[in-house]
Amino acid sequence: MKRTLHEAIAMLLGVLPLLGSAIPSLAEDTFSTEQMALMAGACANCHGTDGRLAGSVPTIAGRPAAVLEARLLAFKRDEASDATVMNRIAKGFSDEELAALAGHFSAIDPQADEAWETEQGAQE
Ligand code: HEC
């Protein structure tokens, strides 16, 4: 399947407003829903949509914001000895953005989505 970059970007931009409206946002005062959706989208490839994936990549949805933030800051400062990729990823964000991402994922109910539960069941 061949798709030009332009088409891919147009598709992504088309989907973002939809994502934004579905996402509960704690960080609304600092970042717009659109900005939050864009930043959090960078995590979905590995952590699953809304950070709910469980398995070799740890679930981040619904974990306490303070824990997530501490982990992200530790990754960024190379203080997490278990880091494989997160150290490099966390460096791409400001401390403020990492705090907002922590708040964003902590506000998501890891079990609310039926599709997620079905997926989990299928893995057993
Ligand atoms: C390339 C895949 C990948 C991407 C993209 C990614 N992560 Fe991760 N994440 C991991 C892996 C793997 C770990 C386990 C630690 C490690 O190996 O670095 C992890 C661990 C974490 C942890 C620690 C969880 C715990 O249980 O302590 C947090 C928090 C986290 N990621 C948040 C994020 C956020 C926020 C983003 C988006 C900005 C993101 N991750 C993007 C793969 C990824």
# chains A, B, ... in the order shown; residues from 1 in each chain; ligands from 1
call {"tool": "residues_near_ligand", "arguments": {"ligand": "ligand 1", "cutoff": "6 Å", "atoms": "only C-alpha atoms and all ligand atoms", "output": "list in words"}}
result
Ala40, Ala42, Cys43, Asn45, Cys46, His47, Val57, Pro58, Ile60, Leu68, Arg71, Leu72, Asp82, Ala83, Thr84, Val85, Met86 and Leu101 of chain A
call {"tool": "write_last_selection", "arguments": {"atoms": "N, CA and C atoms", "output": "PDB file, in the first residue's frame"}}
result
ATOM      1  N   ALA A  40       0.291  12.641  23.417  1.00  0.00           N
ATOM      2  CA  ALA A  40      -0.020  11.290  23.906  1.00  0.00           C
ATOM      3  C   ALA A  40      -0.010  10.288  22.757  1.00  0.00           C
ATOM      4  N   ALA A  42       2.155   9.983  20.614  1.00  0.00           N
ATOM      5  CA  ALA A  42       3.526   9.504  20.459  1.00  0.00           C
ATOM      6  C   ALA A  42       3.784   8.281  21.340  1.00  0.00           C
ATOM      7  N   CYS A  43       2.920   7.999  22.277  1.00  0.00           N
ATOM      8  CA  CYS A  43       3.102   6.893  23.214  1.00  0.00           C
ATOM      9  C   CYS A  43       2.289   5.663  22.784  1.00  0.00           C
ATOM     10  N   ASN A  45       1.968   3.878  20.043  1.00  0.00           N
ATOM     11  CA  ASN A  45       2.584   2.776  19.301  1.00  0.00           C
ATOM     12  C   ASN A  45       3.042   1.660  20.220  1.00  0.00           C
ATOM     13  N   CYS A  46       3.590   2.014  21.336  1.00  0.00           N
ATOM     14  CA  CYS A  46       4.136   1.006  22.251  1.00  0.00           C
ATOM     15  C   CYS A  46       3.205   0.712  23.415  1.00  0.00           C
ATOM     16  N   HIS A  47       2.574   1.753  23.963  1.00  0.00           N
ATOM     17  CA  HIS A  47       1.754   1.543  25.153  1.00  0.00           C
ATOM     18  C   HIS A  47       0.292   1.266  24.814  1.00  0.00           C
ATOM     19  N   VAL A  57       5.473  -4.160  27.450  1.00  0.00           N
ATOM     20  CA  VAL A  57       5.510  -2.722  27.705  1.00  0.00           C
ATOM     21  C   VAL A  57       4.522  -2.437  28.836  1.00  0.00           C
ATOM     22  N   PRO A  58       4.980  -1.791  29.917  1.00  0.00           N
ATOM     23  CA  PRO A  58       4.093  -1.596  31.080  1.00  0.00           C
ATOM     24  C   PRO A  58       2.867  -0.745  30.767  1.00  0.00           C
ATOM     25  N   ILE A  60       0.379   2.108  31.367  1.00  0.00           N
ATOM     26  CA  ILE A  60       0.523   3.403  32.029  1.00  0.00           C
ATOM     27  C   ILE A  60      -0.835   4.021  32.357  1.00  0.00           C
ATOM     28  N   LEU A  68       3.844   8.122  37.548  1.00  0.00           N
ATOM     29  CA  LEU A  68       4.185   8.233  36.127  1.00  0.00           C
ATOM     30  C   LEU A  68       5.159   9.387  35.900  1.00  0.00           C
ATOM     31  N   ARG A  71       8.607   8.534  37.141  1.00  0.00           N
ATOM     32  CA  ARG A  71       9.268   7.601  36.220  1.00  0.00           C
ATOM     33  C   ARG A  71       9.764   8.331  34.976  1.00  0.00           C
ATOM     34  N   LEU A  72       8.911   9.192  34.430  1.00  0.00           N
ATOM     35  CA  LEU A  72       9.281   9.909  33.197  1.00  0.00           C
ATOM     36  C   LEU A  72      10.480  10.835  33.432  1.00  0.00           C
ATOM     37  N   ASP A  82      16.345   0.591  34.474  1.00  0.00           N
ATOM     38  CA  ASP A  82      15.647  -0.370  33.620  1.00  0.00           C
ATOM     39  C   ASP A  82      15.303   0.196  32.241  1.00  0.00           C
ATOM     40  N   ALA A  83      15.758   1.392  31.959  1.00  0.00           N
ATOM     41  CA  ALA A  83      15.360   2.037  30.702  1.00  0.00           C
ATOM     42  C   ALA A  83      16.002   1.370  29.488  1.00  0.00           C
ATOM     43  N   THR A  84      15.191   1.125  28.474  1.00  0.00           N
ATOM     44  CA  THR A  84      15.735   0.677  27.189  1.00  0.00           C
ATOM     45  C   THR A  84      15.465   1.732  26.125  1.00  0.00           C
ATOM     46  N   VAL A  85      14.222   2.194  26.062  1.00  0.00           N
ATOM     47  CA  VAL A  85      13.877   3.219  25.080  1.00  0.00           C
ATOM     48  C   VAL A  85      13.333   4.491  25.724  1.00  0.00           C
ATOM     49  N   MET A  86      12.741   4.346  26.915  1.00  0.00           N
ATOM     50  CA  MET A  86      12.045   5.494  27.502  1.00  0.00           C
ATOM     51  C   MET A  86      12.984   6.651  27.840  1.00  0.00           C
ATOM     52  N   LEU A 101       1.596  14.699  30.481  1.00  0.00           N
ATOM     53  CA  LEU A 101       1.381  13.336  29.979  1.00  0.00           C
ATOM     54  C   LEU A 101       1.043  12.395  31.137  1.00  0.00           C
TER      55      LEU A 101
END
call {"tool": "select_by_dssp", "arguments": {"residues": "range 21-117 of chain A", "states": "helix (DSSP H, G or I)", "output": "VMD selection string"}}
result
chain A and resid 21 to 22 33 to 47 49 to 51 65 to 76 86 to 90 95 to 106 114 to 117
call {"tool": "write_last_selection", "arguments": {"atoms": "N, CA and C atoms", "output": "compact mmCIF listing (two decimals), in the first residue's frame"}}
result
# COMPACT_ATOMS: atom_id res chain seq x y z
N SER A 21 -11.67 14.83 21.57
CA SER A 21 -12.96 14.92 22.26
C SER A 21 -13.20 13.71 23.15
N ALA A 22 -12.51 12.61 22.90
CA ALA A 22 -12.75 11.40 23.67
C ALA A 22 -11.83 11.30 24.89
N THR A 33 -6.59 20.39 24.36
CA THR A 33 -6.93 18.99 24.10
C THR A 33 -6.19 18.48 22.87
N GLU A 34 -6.06 19.34 21.88
CA GLU A 34 -5.39 18.95 20.64
C GLU A 34 -3.90 18.71 20.89
N GLN A 35 -3.27 19.60 21.66
CA GLN A 35 -1.85 19.43 21.97
C GLN A 35 -1.63 18.14 22.75
N MET A 36 -2.55 17.87 23.69
CA MET A 36 -2.45 16.69 24.54
C MET A 36 -2.59 15.42 23.69
N ALA A 37 -3.54 15.44 22.76
CA ALA A 37 -3.76 14.27 21.90
C ALA A 37 -2.53 14.02 21.03
N LEU A 38 -1.92 15.09 20.58
CA LEU A 38 -0.74 14.97 19.73
C LEU A 38 0.42 14.36 20.51
N MET A 39 0.65 14.88 21.73
CA MET A 39 1.76 14.37 22.55
C MET A 39 1.50 12.92 22.95
N ALA A 40 0.29 12.64 23.42
CA ALA A 40 -0.02 11.29 23.91
C ALA A 40 -0.01 10.29 22.76
N GLY A 41 -0.28 10.77 21.54
CA GLY A 41 -0.26 9.89 20.38
C GLY A 41 1.12 9.28 20.16
N ALA A 42 2.15 9.98 20.61
CA ALA A 42 3.53 9.50 20.46
C ALA A 42 3.78 8.28 21.34
N CYS A 43 2.92 8.00 22.28
CA CYS A 43 3.10 6.89 23.21
C CYS A 43 2.29 5.66 22.78
N ALA A 44 1.31 5.87 21.90
CA ALA A 44 0.34 4.83 21.58
C ALA A 44 0.95 3.63 20.87
N ASN A 45 1.97 3.88 20.04
CA ASN A 45 2.58 2.78 19.30
C ASN A 45 3.04 1.66 20.22
N CYS A 46 3.59 2.01 21.34
CA CYS A 46 4.14 1.01 22.25
C CYS A 46 3.21 0.71 23.42
N HIS A 47 2.57 1.75 23.96
CA HIS A 47 1.75 1.54 25.15
C HIS A 47 0.29 1.27 24.81
N THR A 49 -3.40 2.20 22.49
CA THR A 49 -4.30 3.35 22.49
C THR A 49 -4.68 3.68 23.92
N ASP A 50 -4.55 4.95 24.30
CA ASP A 50 -4.84 5.42 25.66
C ASP A 50 -3.95 4.76 26.72
N GLY A 51 -2.82 4.22 26.33
CA GLY A 51 -1.87 3.67 27.30
C GLY A 51 -2.37 2.44 28.04
N ALA A 65 -0.61 9.70 38.87
CA ALA A 65 0.13 10.69 38.08
C ALA A 65 1.52 10.93 38.65
N ALA A 66 1.62 10.94 39.98
CA ALA A 66 2.91 11.22 40.61
C ALA A 66 3.93 10.13 40.28
N VAL A 67 3.44 8.88 40.22
CA VAL A 67 4.33 7.76 39.89
C VAL A 67 4.80 7.88 38.43
N LEU A 68 3.84 8.12 37.55
CA LEU A 68 4.18 8.23 36.13
C LEU A 68 5.16 9.39 35.90
N GLU A 69 4.87 10.51 36.55
CA GLU A 69 5.74 11.68 36.37
C GLU A 69 7.15 11.41 36.89
N ALA A 70 7.23 10.77 38.06
CA ALA A 70 8.54 10.46 38.64
C ALA A 70 9.33 9.53 37.70
N ARG A 71 8.61 8.53 37.14
CA ARG A 71 9.27 7.60 36.22
C ARG A 71 9.76 8.33 34.98
N LEU A 72 8.91 9.19 34.43
CA LEU A 72 9.28 9.91 33.20
C LEU A 72 10.48 10.84 33.43
N LEU A 73 10.48 11.52 34.58
CA LEU A 73 11.60 12.42 34.88
C LEU A 73 12.87 11.61 35.10
N ALA A 74 12.74 10.45 35.74
CA ALA A 74 13.91 9.59 35.97
C ALA A 74 14.47 9.10 34.62
N PHE A 75 13.56 8.73 33.71
CA PHE A 75 14.01 8.32 32.37
C PHE A 75 14.78 9.46 31.72
N LYS A 76 14.19 10.65 31.78
CA LYS A 76 14.77 11.81 31.10
C LYS A 76 16.17 12.12 31.64
N MET A 86 12.74 4.35 26.91
CA MET A 86 12.05 5.49 27.50
C MET A 86 12.98 6.65 27.84
N ASN A 87 14.24 6.36 28.12
CA ASN A 87 15.19 7.44 28.39
C ASN A 87 15.30 8.36 27.18
N ARG A 88 15.36 7.73 26.00
CA ARG A 88 15.48 8.55 24.79
C ARG A 88 14.18 9.28 24.48
N ILE A 89 13.05 8.60 24.72
CA ILE A 89 11.76 9.21 24.42
C ILE A 89 11.48 10.39 25.36
N ALA A 90 11.75 10.19 26.64
CA ALA A 90 11.44 11.23 27.63
C ALA A 90 12.25 12.50 27.38
N ASP A 95 9.86 19.12 31.03
CA ASP A 95 9.36 18.59 32.31
C ASP A 95 7.85 18.85 32.42
N GLU A 96 7.44 20.01 31.95
CA GLU A 96 6.03 20.39 32.00
C GLU A 96 5.19 19.45 31.14
N GLU A 97 5.71 19.11 29.97
CA GLU A 97 4.99 18.19 29.08
C GLU A 97 4.91 16.80 29.68
N LEU A 98 5.98 16.36 30.34
CA LEU A 98 5.96 15.03 30.97
C LEU A 98 4.94 15.00 32.10
N ALA A 99 4.85 16.10 32.86
CA ALA A 99 3.86 16.17 33.93
C ALA A 99 2.45 16.09 33.35
N ALA A 100 2.25 16.79 32.23
CA ALA A 100 0.93 16.77 31.59
C ALA A 100 0.61 15.38 31.07
N LEU A 101 1.60 14.70 30.48
CA LEU A 101 1.38 13.34 29.98
C LEU A 101 1.04 12.40 31.14
N ALA A 102 1.74 12.56 32.27
CA ALA A 102 1.47 11.74 33.45
C ALA A 102 0.01 11.94 33.89
N GLY A 103 -0.42 13.20 33.95
CA GLY A 103 -1.80 13.49 34.34
C GLY A 103 -2.79 12.91 33.36
N HIS A 104 -2.45 13.02 32.09
CA HIS A 104 -3.33 12.53 31.02
C HIS A 104 -3.56 11.02 31.14
N PHE A 105 -2.47 10.25 31.26
CA PHE A 105 -2.63 8.80 31.30
C PHE A 105 -3.20 8.31 32.63
N SER A 106 -2.90 9.02 33.72
CA SER A 106 -3.45 8.58 35.01
C SER A 106 -4.97 8.74 35.04
N GLU A 114 -14.20 -1.89 26.42
CA GLU A 114 -14.55 -3.30 26.20
C GLU A 114 -13.58 -4.00 25.26
N ALA A 115 -13.17 -3.26 24.23
CA ALA A 115 -12.24 -3.82 23.26
C ALA A 115 -10.96 -4.26 23.96
N TRP A 116 -10.55 -3.45 24.94
CA TRP A 116 -9.34 -3.76 25.68
C TRP A 116 -9.49 -5.09 26.42
N GLU A 117 -10.64 -5.25 27.09
CA GLU A 117 -10.87 -6.48 27.86
C GLU A 117 -10.88 -7.70 26.95
call {"tool": "atom_distance", "arguments": {"atom1": "CA of Thr30 in chain A", "atom2": "CA of Asp78 in chain A"}}
result
25.8 Å
call {"tool": "atom_distance", "arguments": {"atom1": "CA of Ala112 in chain A", "atom2": "CA of Ser56 in chain A"}}
result
20.9 Å
call {"tool": "atom_distance", "arguments": {"atom1": "CA of Phe31 in chain A", "atom2": "CA of Thr59 in chain A"}}
result
23.1 Å
